[in-house]
$ cat target-v6.pdb   # PDB, C-alpha atoms
ATOM      1  CA  PHE X  13      -9.525   3.638  -0.869  1.00  0.00           C
ATOM      2  CA  SER X  14     -10.994   0.512   0.701  1.00  0.00           C
ATOM      3  CA  TRP X  15     -14.001   0.014   2.996  1.00  0.00           C
ATOM      4  CA  LYS X  16     -12.483  -3.146   4.490  1.00  0.00           C
ATOM      5  CA  GLY X  17     -10.665  -2.253   7.684  1.00  0.00           C
ATOM      6  CA  SER X  18     -11.734   1.377   7.368  1.00  0.00           C
ATOM      7  CA  VAL X  19     -13.280   3.458  10.136  1.00  0.00           C
ATOM      8  CA  PHE X  20     -15.572   5.289   7.730  1.00  0.00           C
ATOM      9  CA  PRO X  21     -18.563   2.876   7.863  1.00  0.00           C
ATOM     10  CA  LYS X  22     -18.738   3.031  11.649  1.00  0.00           C
ATOM     11  CA  ALA X  23     -18.122   6.778  11.665  1.00  0.00           C
ATOM     12  CA  LEU X  24     -20.873   7.315   9.105  1.00  0.00           C
ATOM     13  CA  ALA X  25     -23.279   5.183  11.157  1.00  0.00           C
ATOM     14  CA  TRP X  26     -22.829   7.640  14.024  1.00  0.00           C
ATOM     15  CA  SER X  27     -22.408  10.896  12.135  1.00  0.00           C
ATOM     16  CA  VAL X  28     -25.242  10.738   9.590  1.00  0.00           C
ATOM     17  CA  PRO X  29     -28.099  10.405  12.151  1.00  0.00           C
ATOM     18  CA  CYS X  30     -26.517  13.116  14.322  1.00  0.00           C
ATOM     19  CA  THR X  31     -26.181  15.402  11.318  1.00  0.00           C
ATOM     20  CA  ALA X  32     -29.795  14.802  10.311  1.00  0.00           C
ATOM     21  CA  LEU X  33     -30.994  15.542  13.851  1.00  0.00           C
ATOM     22  CA  THR X  34     -28.896  18.712  13.967  1.00  0.00           C
ATOM     23  CA  VAL X  35     -30.252  19.938  10.641  1.00  0.00           C
ATOM     24  CA  PHE X  36     -33.801  19.173  11.751  1.00  0.00           C
ATOM     25  CA  LEU X  37     -33.386  21.015  15.066  1.00  0.00           C
ATOM     26  CA  HIS X  38     -31.704  23.968  13.366  1.00  0.00           C
ATOM     27  CA  ARG X  39     -34.579  24.268  10.892  1.00  0.00           C
ATOM     28  CA  ALA X  40     -37.119  23.889  13.685  1.00  0.00           C
ATOM     29  CA  PHE X  41     -35.501  26.622  15.778  1.00  0.00           C
ATOM     30  CA  ALA X  42     -35.125  28.845  12.713  1.00  0.00           C
ATOM     31  CA  SER X  43     -38.787  28.507  11.701  1.00  0.00           C
ATOM     32  CA  PHE X  44     -40.142  29.213  15.203  1.00  0.00           C
ATOM     33  CA  ASP X  45     -38.940  32.225  17.071  1.00  0.00           C
ATOM     34  CA  PHE X  46     -37.981  30.611  20.347  1.00  0.00           C
ATOM     35  CA  ARG X  47     -35.732  33.463  21.424  1.00  0.00           C
ATOM     36  CA  ASP X  48     -38.640  35.388  22.869  1.00  0.00           C
ATOM     37  CA  ARG X  49     -39.983  32.352  24.675  1.00  0.00           C
ATOM     38  CA  LEU X  50     -36.682  31.145  26.073  1.00  0.00           C
ATOM     39  CA  THR X  51     -35.304  33.253  28.868  1.00  0.00           C
ATOM     40  CA  SER X  52     -32.099  31.268  29.113  1.00  0.00           C
ATOM     41  CA  PHE X  53     -31.011  31.390  25.478  1.00  0.00           C
ATOM     42  CA  GLU X  54     -27.517  32.445  26.518  1.00  0.00           C
ATOM     43  CA  ALA X  55     -27.335  29.439  28.846  1.00  0.00           C
ATOM     44  CA  ALA X  56     -28.141  27.173  25.898  1.00  0.00           C
ATOM     45  CA  ILE X  57     -25.311  28.769  23.948  1.00  0.00           C
ATOM     46  CA  ASN X  58     -22.927  28.107  26.841  1.00  0.00           C
ATOM     47  CA  ILE X  59     -24.095  24.494  27.089  1.00  0.00           C
ATOM     48  CA  PHE X  60     -23.560  24.059  23.355  1.00  0.00           C
ATOM     49  CA  GLY X  61     -20.091  25.578  23.668  1.00  0.00           C
ATOM     50  CA  GLY X  62     -19.217  23.166  26.482  1.00  0.00           C
ATOM     51  CA  PHE X  63     -20.539  20.232  24.466  1.00  0.00           C
ATOM     52  CA  THR X  64     -18.467  21.296  21.472  1.00  0.00           C
ATOM     53  CA  PHE X  65     -15.346  21.594  23.628  1.00  0.00           C
ATOM     54  CA  ILE X  66     -15.816  18.135  25.143  1.00  0.00           C
ATOM     55  CA  LEU X  67     -16.526  16.596  21.745  1.00  0.00           C
ATOM     56  CA  GLY X  68     -13.411  18.217  20.255  1.00  0.00           C
ATOM     57  CA  PHE X  69     -11.302  17.087  23.207  1.00  0.00           C
ATOM     58  CA  LEU X  70     -12.496  13.482  22.847  1.00  0.00           C
ATOM     59  CA  LEU X  71     -11.905  13.508  19.114  1.00  0.00           C
ATOM     60  CA  VAL X  72      -8.336  14.749  19.514  1.00  0.00           C
ATOM     61  CA  PHE X  73      -7.652  12.308  22.363  1.00  0.00           C
ATOM     62  CA  ARG X  74      -8.903   9.310  20.380  1.00  0.00           C
ATOM     63  CA  SER X  75      -6.921  10.371  17.325  1.00  0.00           C
ATOM     64  CA  GLN X  76      -3.751  10.652  19.407  1.00  0.00           C
ATOM     65  CA  GLN X  77      -4.351   7.213  20.911  1.00  0.00           C
ATOM     66  CA  ALA X  78      -4.851   5.653  17.475  1.00  0.00           C
ATOM     67  CA  TYR X  79      -1.723   7.340  16.141  1.00  0.00           C
ATOM     68  CA  ALA X  80       0.300   6.158  19.150  1.00  0.00           C
ATOM     69  CA  ARG X  81      -0.902   2.578  18.636  1.00  0.00           C
ATOM     70  CA  TRP X  82      -0.036   2.741  14.959  1.00  0.00           C
ATOM     71  CA  TRP X  83       3.494   3.895  15.752  1.00  0.00           C
ATOM     72  CA  GLU X  84       3.839   1.206  18.406  1.00  0.00           C
ATOM     73  CA  GLY X  85       2.919  -1.435  15.803  1.00  0.00           C
ATOM     74  CA  CYS X  86       5.483  -0.019  13.365  1.00  0.00           C
ATOM     75  CA  THR X  87       8.127   0.017  16.084  1.00  0.00           C
ATOM     76  CA  LEU X  88       7.425  -3.590  17.059  1.00  0.00           C
ATOM     77  CA  LEU X  89       7.553  -4.669  13.427  1.00  0.00           C
ATOM     78  CA  GLN X  90      10.972  -3.055  12.984  1.00  0.00           C
ATOM     79  CA  ARG X  91      12.150  -4.565  16.271  1.00  0.00           C
ATOM     80  CA  MET X  92      11.076  -8.026  15.073  1.00  0.00           C
ATOM     81  CA  ARG X  93      12.951  -7.469  11.816  1.00  0.00           C
ATOM     82  CA  GLY X  94      16.057  -6.391  13.740  1.00  0.00           C
ATOM     83  CA  GLU X  95      15.913  -9.440  16.008  1.00  0.00           C
ATOM     84  CA  TRP X  96      15.618 -11.759  13.026  1.00  0.00           C
ATOM     85  CA  ILE X  97      18.530 -10.074  11.248  1.00  0.00           C
ATOM     86  CA  ASN X  98      20.565 -10.376  14.449  1.00  0.00           C
ATOM     87  CA  ALA X  99      19.773 -14.106  14.694  1.00  0.00           C
ATOM     88  CA  PHE X 100      20.565 -14.523  10.989  1.00  0.00           C
ATOM     89  CA  SER X 101      23.923 -12.792  11.313  1.00  0.00           C
ATOM     90  CA  CYS X 102      24.782 -14.891  14.367  1.00  0.00           C
ATOM     91  CA  CYS X 103      24.073 -18.060  12.367  1.00  0.00           C
ATOM     92  CA  LEU X 104      26.353 -16.799   9.616  1.00  0.00           C
ATOM     93  CA  ALA X 105      29.070 -15.789  12.070  1.00  0.00           C
ATOM     94  CA  PHE X 106      29.263 -19.241  13.624  1.00  0.00           C
ATOM     95  CA  CYS X 107      29.579 -21.093  10.316  1.00  0.00           C
ATOM     96  CA  ASP X 108      32.704 -23.159   9.800  1.00  0.00           C
ATOM     97  CA  THR X 109      35.328 -21.246   7.815  1.00  0.00           C
ATOM     98  CA  SER X 110      37.606 -24.159   6.901  1.00  0.00           C
ATOM     99  CA  ASN X 111      38.244 -24.935   3.258  1.00  0.00           C
ATOM    100  CA  ASP X 112      37.128 -28.564   3.709  1.00  0.00           C
ATOM    101  CA  LEU X 113      33.445 -27.652   4.021  1.00  0.00           C
ATOM    102  CA  ARG X 114      33.409 -24.465   1.955  1.00  0.00           C
ATOM    103  CA  GLU X 115      30.815 -25.760  -0.530  1.00  0.00           C
ATOM    104  CA  GLU X 116      28.424 -27.038   2.159  1.00  0.00           C
ATOM    105  CA  VAL X 117      28.807 -23.831   4.180  1.00  0.00           C
ATOM    106  CA  THR X 118      28.073 -21.706   1.116  1.00  0.00           C
ATOM    107  CA  PHE X 119      24.991 -23.833   0.383  1.00  0.00           C
ATOM    108  CA  PHE X 120      23.869 -23.467   4.022  1.00  0.00           C
ATOM    109  CA  ARG X 121      24.362 -19.683   3.958  1.00  0.00           C
ATOM    110  CA  HIS X 122      22.405 -19.287   0.735  1.00  0.00           C
ATOM    111  CA  ARG X 123      19.630 -21.513   2.097  1.00  0.00           C
ATOM    112  CA  LEU X 124      19.538 -19.484   5.298  1.00  0.00           C
ATOM    113  CA  VAL X 125      19.155 -16.239   3.328  1.00  0.00           C
ATOM    114  CA  ARG X 126      16.222 -17.698   1.423  1.00  0.00           C
ATOM    115  CA  LEU X 127      14.561 -19.083   4.560  1.00  0.00           C
ATOM    116  CA  THR X 128      14.926 -15.749   6.372  1.00  0.00           C
ATOM    117  CA  SER X 129      13.428 -13.976   3.364  1.00  0.00           C
ATOM    118  CA  MET X 130      10.478 -16.374   3.383  1.00  0.00           C
ATOM    119  CA  LEU X 131      10.036 -15.962   7.152  1.00  0.00           C
ATOM    120  CA  TYR X 132       9.865 -12.185   6.908  1.00  0.00           C
ATOM    121  CA  GLY X 133       7.532 -12.378   3.909  1.00  0.00           C
ATOM    122  CA  ALA X 134       5.234 -14.771   5.791  1.00  0.00           C
ATOM    123  CA  ALA X 135       5.149 -12.422   8.764  1.00  0.00           C
ATOM    124  CA  LEU X 136       4.322  -9.443   6.551  1.00  0.00           C
ATOM    125  CA  SER X 137       1.599 -11.342   4.714  1.00  0.00           C
ATOM    126  CA  GLU X 138       0.075 -12.331   8.066  1.00  0.00           C
ATOM    127  CA  ILE X 139      -0.345  -8.739   9.221  1.00  0.00           C
ATOM    128  CA  SER X 140      -0.976  -7.212   5.803  1.00  0.00           C
ATOM    129  CA  GLU X 141      -4.456  -6.195   4.725  1.00  0.00           C
ATOM    130  CA  MET X 142      -3.551  -5.911   1.053  1.00  0.00           C
ATOM    131  CA  ARG X 143      -5.563  -7.890  -1.466  1.00  0.00           C
ATOM    132  CA  SER X 144      -2.462  -9.444  -2.950  1.00  0.00           C
ATOM    133  CA  ASN X 145       0.146 -10.703  -0.506  1.00  0.00           C
ATOM    134  CA  ALA X 146       2.636 -11.423  -3.281  1.00  0.00           C
ATOM    135  CA  PHE X 147       5.831 -10.336  -1.568  1.00  0.00           C
ATOM    136  CA  GLU X 148       9.137 -10.796  -3.298  1.00  0.00           C
ATOM    137  CA  TYR X 149      11.493 -13.433  -1.931  1.00  0.00           C
ATOM    138  CA  PHE X 150      15.073 -14.211  -2.662  1.00  0.00           C
ATOM    139  CA  ASP X 151      15.567 -16.992  -5.188  1.00  0.00           C
ATOM    140  CA  ILE X 152      13.431 -19.879  -3.919  1.00  0.00           C
ATOM    141  CA  ASP X 153      13.763 -22.086  -6.988  1.00  0.00           C
ATOM    142  CA  ASP X 154      16.145 -24.527  -5.287  1.00  0.00           C
ATOM    143  CA  PHE X 155      13.484 -25.593  -2.755  1.00  0.00           C
ATOM    144  CA  ALA X 156      11.494 -28.716  -3.492  1.00  0.00           C
ATOM    145  CA  SER X 157       8.138 -27.974  -5.118  1.00  0.00           C
ATOM    146  CA  GLU X 158       6.364 -30.150  -2.516  1.00  0.00           C
ATOM    147  CA  SER X 159       7.802 -27.958   0.250  1.00  0.00           C
ATOM    148  CA  LEU X 160       6.713 -24.745  -1.477  1.00  0.00           C
ATOM    149  CA  ASP X 161       3.224 -26.182  -2.090  1.00  0.00           C
ATOM    150  CA  PHE X 162       2.994 -27.103   1.601  1.00  0.00           C
ATOM    151  CA  LEU X 163       4.049 -23.612   2.674  1.00  0.00           C
ATOM    152  CA  GLU X 164       1.584 -22.002   0.288  1.00  0.00           C
ATOM    153  CA  GLY X 165      -1.218 -24.191   1.640  1.00  0.00           C
ATOM    154  CA  THR X 166      -0.553 -23.216   5.256  1.00  0.00           C
ATOM    155  CA  SER X 167      -0.963 -19.479   4.722  1.00  0.00           C
TER     156      SER X 167
END

$ encode --input "target-v6.pdb" --output "structure tokens"
Amino acid sequence: FSWKGSVFPKALAWSVPCTALTVFLHRAFASFDFRDRLTSFEAAINIFGGFTFILGFLLVFRSQQAYARWWEGCTLLQRMRGEWINAFSCCLAFCDTSNDLREEVTFFRHRLVRLTSMLYGAALSEISEMRSNAFEYFDIDDFASESLDFLEGTS
């Protein structure tokens, strides 16, 4: 459980004063017998019922909106992943298949796998709210250490 990025602090800022006011008013109405003095006690009950209905409706509506936005974000993330895999597979499909350049093509393919892995990891670390963004990459040991230090410094 984490307070960072959570809705609980803002929800508590609104709910605690409202709860305190409700408890105070309930105790005040319980200690004084207002039922004899109020001729429209049933009207107050109806107003409270309407307020409760509207509050419940708004709560459900906002929850549905938040859930829909969350699913839209997940869908877009998977779409991005699919587009990158499609571009990656197109790059692999158009590689030269002759035996003359087999070693260079294999090196290029392996490098492309590692770069795609790093690209997806960088995208996930950008949108992630985890404390540690230590995502696993495919073997990145063959990259120059200066390049890896530069990439680490940019994030």

$ resolve_selection --input "target-v6.pdb" --expression "the PyMOL selection byres ((chain X and resi 131) around 12)" --output "list in words"
Met92, Arg93, Trp96, Ile97, Phe100, Leu124, Val125, Arg126, Leu127, Thr128, Ser129, Met130, Tyr132, Gly133, Ala134, Ala135, Leu136, Ser137, Glu138, Phe147, Glu148, Tyr149, Phe150, Leu163 and Ser167 of chain X

$ atom_distance --input "target-v6.pdb" --atom1 "atom CA of X:Val72" --atom2 "atom CA of X:Phe20"
16.8 Å

$ atom_distance --input "target-v6.pdb" --atom1 "atom CA of X:Gly94" --atom2 "atom CA of X:Asp151"
21.7 Å

$ atom_distance --input "target-v6.pdb" --atom1 "atom CA of X:Ala56" --atom2 "atom CA of X:Phe73"
25.6 Å

$ residues_around --input "target-v6.pdb" --residues "X:Phe106" --least-positions-apart "6" --cutoff "12 Å" --atoms "all atoms listed in the file" --output "MDAnalysis selection string"
chainID X and resid 99:100 117 120:121

$ residues_around --input "target-v6.pdb" --residues "X:Thr118" --least-positions-apart "5" --cutoff "10 Å" --atoms "only C-alpha atoms" --output "list in words"
Leu104, Cys107, Asp108, Thr109, Leu113, Arg123 and Leu124 of chain X

$ write_last_selection --input "target-v6.pdb" --atoms "C-alpha atoms" --output "compact mmCIF listing (two decimals), in the coordinates of the input"
# COMPACT_ATOMS: atom_id res chain seq x y z
CA LEU X 104 26.35 -16.80 9.62
CA CYS X 107 29.58 -21.09 10.32
CA ASP X 108 32.70 -23.16 9.80
CA THR X 109 35.33 -21.25 7.82
CA LEU X 113 33.44 -27.65 4.02
CA ARG X 123 19.63 -21.51 2.10
CA LEU X 124 19.54 -19.48 5.30

$ build_atoms --input "target-v6.pdb" --residues "stretch 77-96 of chain X" --atoms "N, CA, C and O atoms" --output "PDB file, in the coordinates of the input"
ATOM      1  N   GLN X  77      -4.499   8.598  20.476  1.00  0.00           N
ATOM      2  CA  GLN X  77      -4.351   7.213  20.911  1.00  0.00           C
ATOM      3  C   GLN X  77      -4.168   6.285  19.705  1.00  0.00           C
ATOM      4  O   GLN X  77      -3.328   5.394  19.722  1.00  0.00           O
ATOM      5  N   ALA X  78      -4.969   6.495  18.665  1.00  0.00           N
ATOM      6  CA  ALA X  78      -4.851   5.653  17.475  1.00  0.00           C
ATOM      7  C   ALA X  78      -3.492   5.838  16.817  1.00  0.00           C
ATOM      8  O   ALA X  78      -2.860   4.865  16.373  1.00  0.00           O
ATOM      9  N   TYR X  79      -3.023   7.065  16.741  1.00  0.00           N
ATOM     10  CA  TYR X  79      -1.723   7.340  16.141  1.00  0.00           C
ATOM     11  C   TYR X  79      -0.603   6.705  16.964  1.00  0.00           C
ATOM     12  O   TYR X  79       0.340   6.131  16.407  1.00  0.00           O
ATOM     13  N   ALA X  80      -0.714   6.774  18.285  1.00  0.00           N
ATOM     14  CA  ALA X  80       0.300   6.158  19.150  1.00  0.00           C
ATOM     15  C   ALA X  80       0.321   4.643  18.972  1.00  0.00           C
ATOM     16  O   ALA X  80       1.396   4.022  18.933  1.00  0.00           O
ATOM     17  N   ARG X  81      -0.850   4.026  18.845  1.00  0.00           N
ATOM     18  CA  ARG X  81      -0.902   2.578  18.636  1.00  0.00           C
ATOM     19  C   ARG X  81      -0.320   2.197  17.281  1.00  0.00           C
ATOM     20  O   ARG X  81       0.340   1.171  17.148  1.00  0.00           O
ATOM     21  N   TRP X  82      -0.591   3.019  16.278  1.00  0.00           N
ATOM     22  CA  TRP X  82      -0.036   2.741  14.959  1.00  0.00           C
ATOM     23  C   TRP X  82       1.480   2.784  15.003  1.00  0.00           C
ATOM     24  O   TRP X  82       2.151   1.909  14.464  1.00  0.00           O
ATOM     25  N   TRP X  83       2.041   3.794  15.653  1.00  0.00           N
ATOM     26  CA  TRP X  83       3.494   3.895  15.752  1.00  0.00           C
ATOM     27  C   TRP X  83       4.080   2.772  16.585  1.00  0.00           C
ATOM     28  O   TRP X  83       5.184   2.276  16.323  1.00  0.00           O
ATOM     29  N   GLU X  84       3.358   2.325  17.607  1.00  0.00           N
ATOM     30  CA  GLU X  84       3.839   1.206  18.406  1.00  0.00           C
ATOM     31  C   GLU X  84       3.908  -0.064  17.555  1.00  0.00           C
ATOM     32  O   GLU X  84       4.871  -0.830  17.637  1.00  0.00           O
ATOM     33  N   GLY X  85       2.897  -0.282  16.708  1.00  0.00           N
ATOM     34  CA  GLY X  85       2.919  -1.435  15.803  1.00  0.00           C
ATOM     35  C   GLY X  85       4.090  -1.363  14.838  1.00  0.00           C
ATOM     36  O   GLY X  85       4.761  -2.366  14.587  1.00  0.00           O
ATOM     37  N   CYS X  86       4.334  -0.181  14.283  1.00  0.00           N
ATOM     38  CA  CYS X  86       5.483  -0.019  13.365  1.00  0.00           C
ATOM     39  C   CYS X  86       6.796  -0.278  14.088  1.00  0.00           C
ATOM     40  O   CYS X  86       7.702  -0.932  13.549  1.00  0.00           O
ATOM     41  N   THR X  87       6.904   0.218  15.308  1.00  0.00           N
ATOM     42  CA  THR X  87       8.127   0.017  16.084  1.00  0.00           C
ATOM     43  C   THR X  87       8.351  -1.458  16.388  1.00  0.00           C
ATOM     44  O   THR X  87       9.472  -1.969  16.257  1.00  0.00           O
ATOM     45  N   LEU X  88       7.282  -2.165  16.765  1.00  0.00           N
ATOM     46  CA  LEU X  88       7.425  -3.590  17.059  1.00  0.00           C
ATOM     47  C   LEU X  88       7.765  -4.391  15.809  1.00  0.00           C
ATOM     48  O   LEU X  88       8.530  -5.357  15.875  1.00  0.00           O
ATOM     49  N   LEU X  89       7.223  -3.987  14.678  1.00  0.00           N
ATOM     50  CA  LEU X  89       7.553  -4.669  13.427  1.00  0.00           C
ATOM     51  C   LEU X  89       9.031  -4.489  13.083  1.00  0.00           C
ATOM     52  O   LEU X  89       9.714  -5.446  12.701  1.00  0.00           O
ATOM     53  N   GLN X  90       9.558  -3.295  13.250  1.00  0.00           N
ATOM     54  CA  GLN X  90      10.972  -3.055  12.984  1.00  0.00           C
ATOM     55  C   GLN X  90      11.858  -3.767  14.008  1.00  0.00           C
ATOM     56  O   GLN X  90      12.947  -4.244  13.669  1.00  0.00           O
ATOM     57  N   ARG X  91      11.387  -3.849  15.241  1.00  0.00           N
ATOM     58  CA  ARG X  91      12.150  -4.565  16.271  1.00  0.00           C
ATOM     59  C   ARG X  91      12.228  -6.051  15.921  1.00  0.00           C
ATOM     60  O   ARG X  91      13.280  -6.679  16.071  1.00  0.00           O
ATOM     61  N   MET X  92      11.087  -6.624  15.478  1.00  0.00           N
ATOM     62  CA  MET X  92      11.076  -8.026  15.073  1.00  0.00           C
ATOM     63  C   MET X  92      12.059  -8.248  13.927  1.00  0.00           C
ATOM     64  O   MET X  92      12.842  -9.203  13.937  1.00  0.00           O
ATOM     65  N   ARG X  93      12.032  -7.361  12.953  1.00  0.00           N
ATOM     66  CA  ARG X  93      12.951  -7.469  11.816  1.00  0.00           C
ATOM     67  C   ARG X  93      14.397  -7.414  12.288  1.00  0.00           C
ATOM     68  O   ARG X  93      15.251  -8.186  11.844  1.00  0.00           O
ATOM     69  N   GLY X  94      14.698  -6.505  13.214  1.00  0.00           N
ATOM     70  CA  GLY X  94      16.057  -6.391  13.740  1.00  0.00           C
ATOM     71  C   GLY X  94      16.496  -7.631  14.492  1.00  0.00           C
ATOM     72  O   GLY X  94      17.649  -8.066  14.371  1.00  0.00           O
ATOM     73  N   GLU X  95      15.568  -8.212  15.270  1.00  0.00           N
ATOM     74  CA  GLU X  95      15.913  -9.440  16.008  1.00  0.00           C
ATOM     75  C   GLU X  95      16.187 -10.589  15.049  1.00  0.00           C
ATOM     76  O   GLU X  95      17.105 -11.380  15.265  1.00  0.00           O
ATOM     77  N   TRP X  96      15.391 -10.691  13.995  1.00  0.00           N
ATOM     78  CA  TRP X  96      15.618 -11.759  13.026  1.00  0.00           C
ATOM     79  C   TRP X  96      16.924 -11.558  12.277  1.00  0.00           C
ATOM     80  O   TRP X  96      17.640 -12.523  12.002  1.00  0.00           O
TER      81      TRP X  96
END
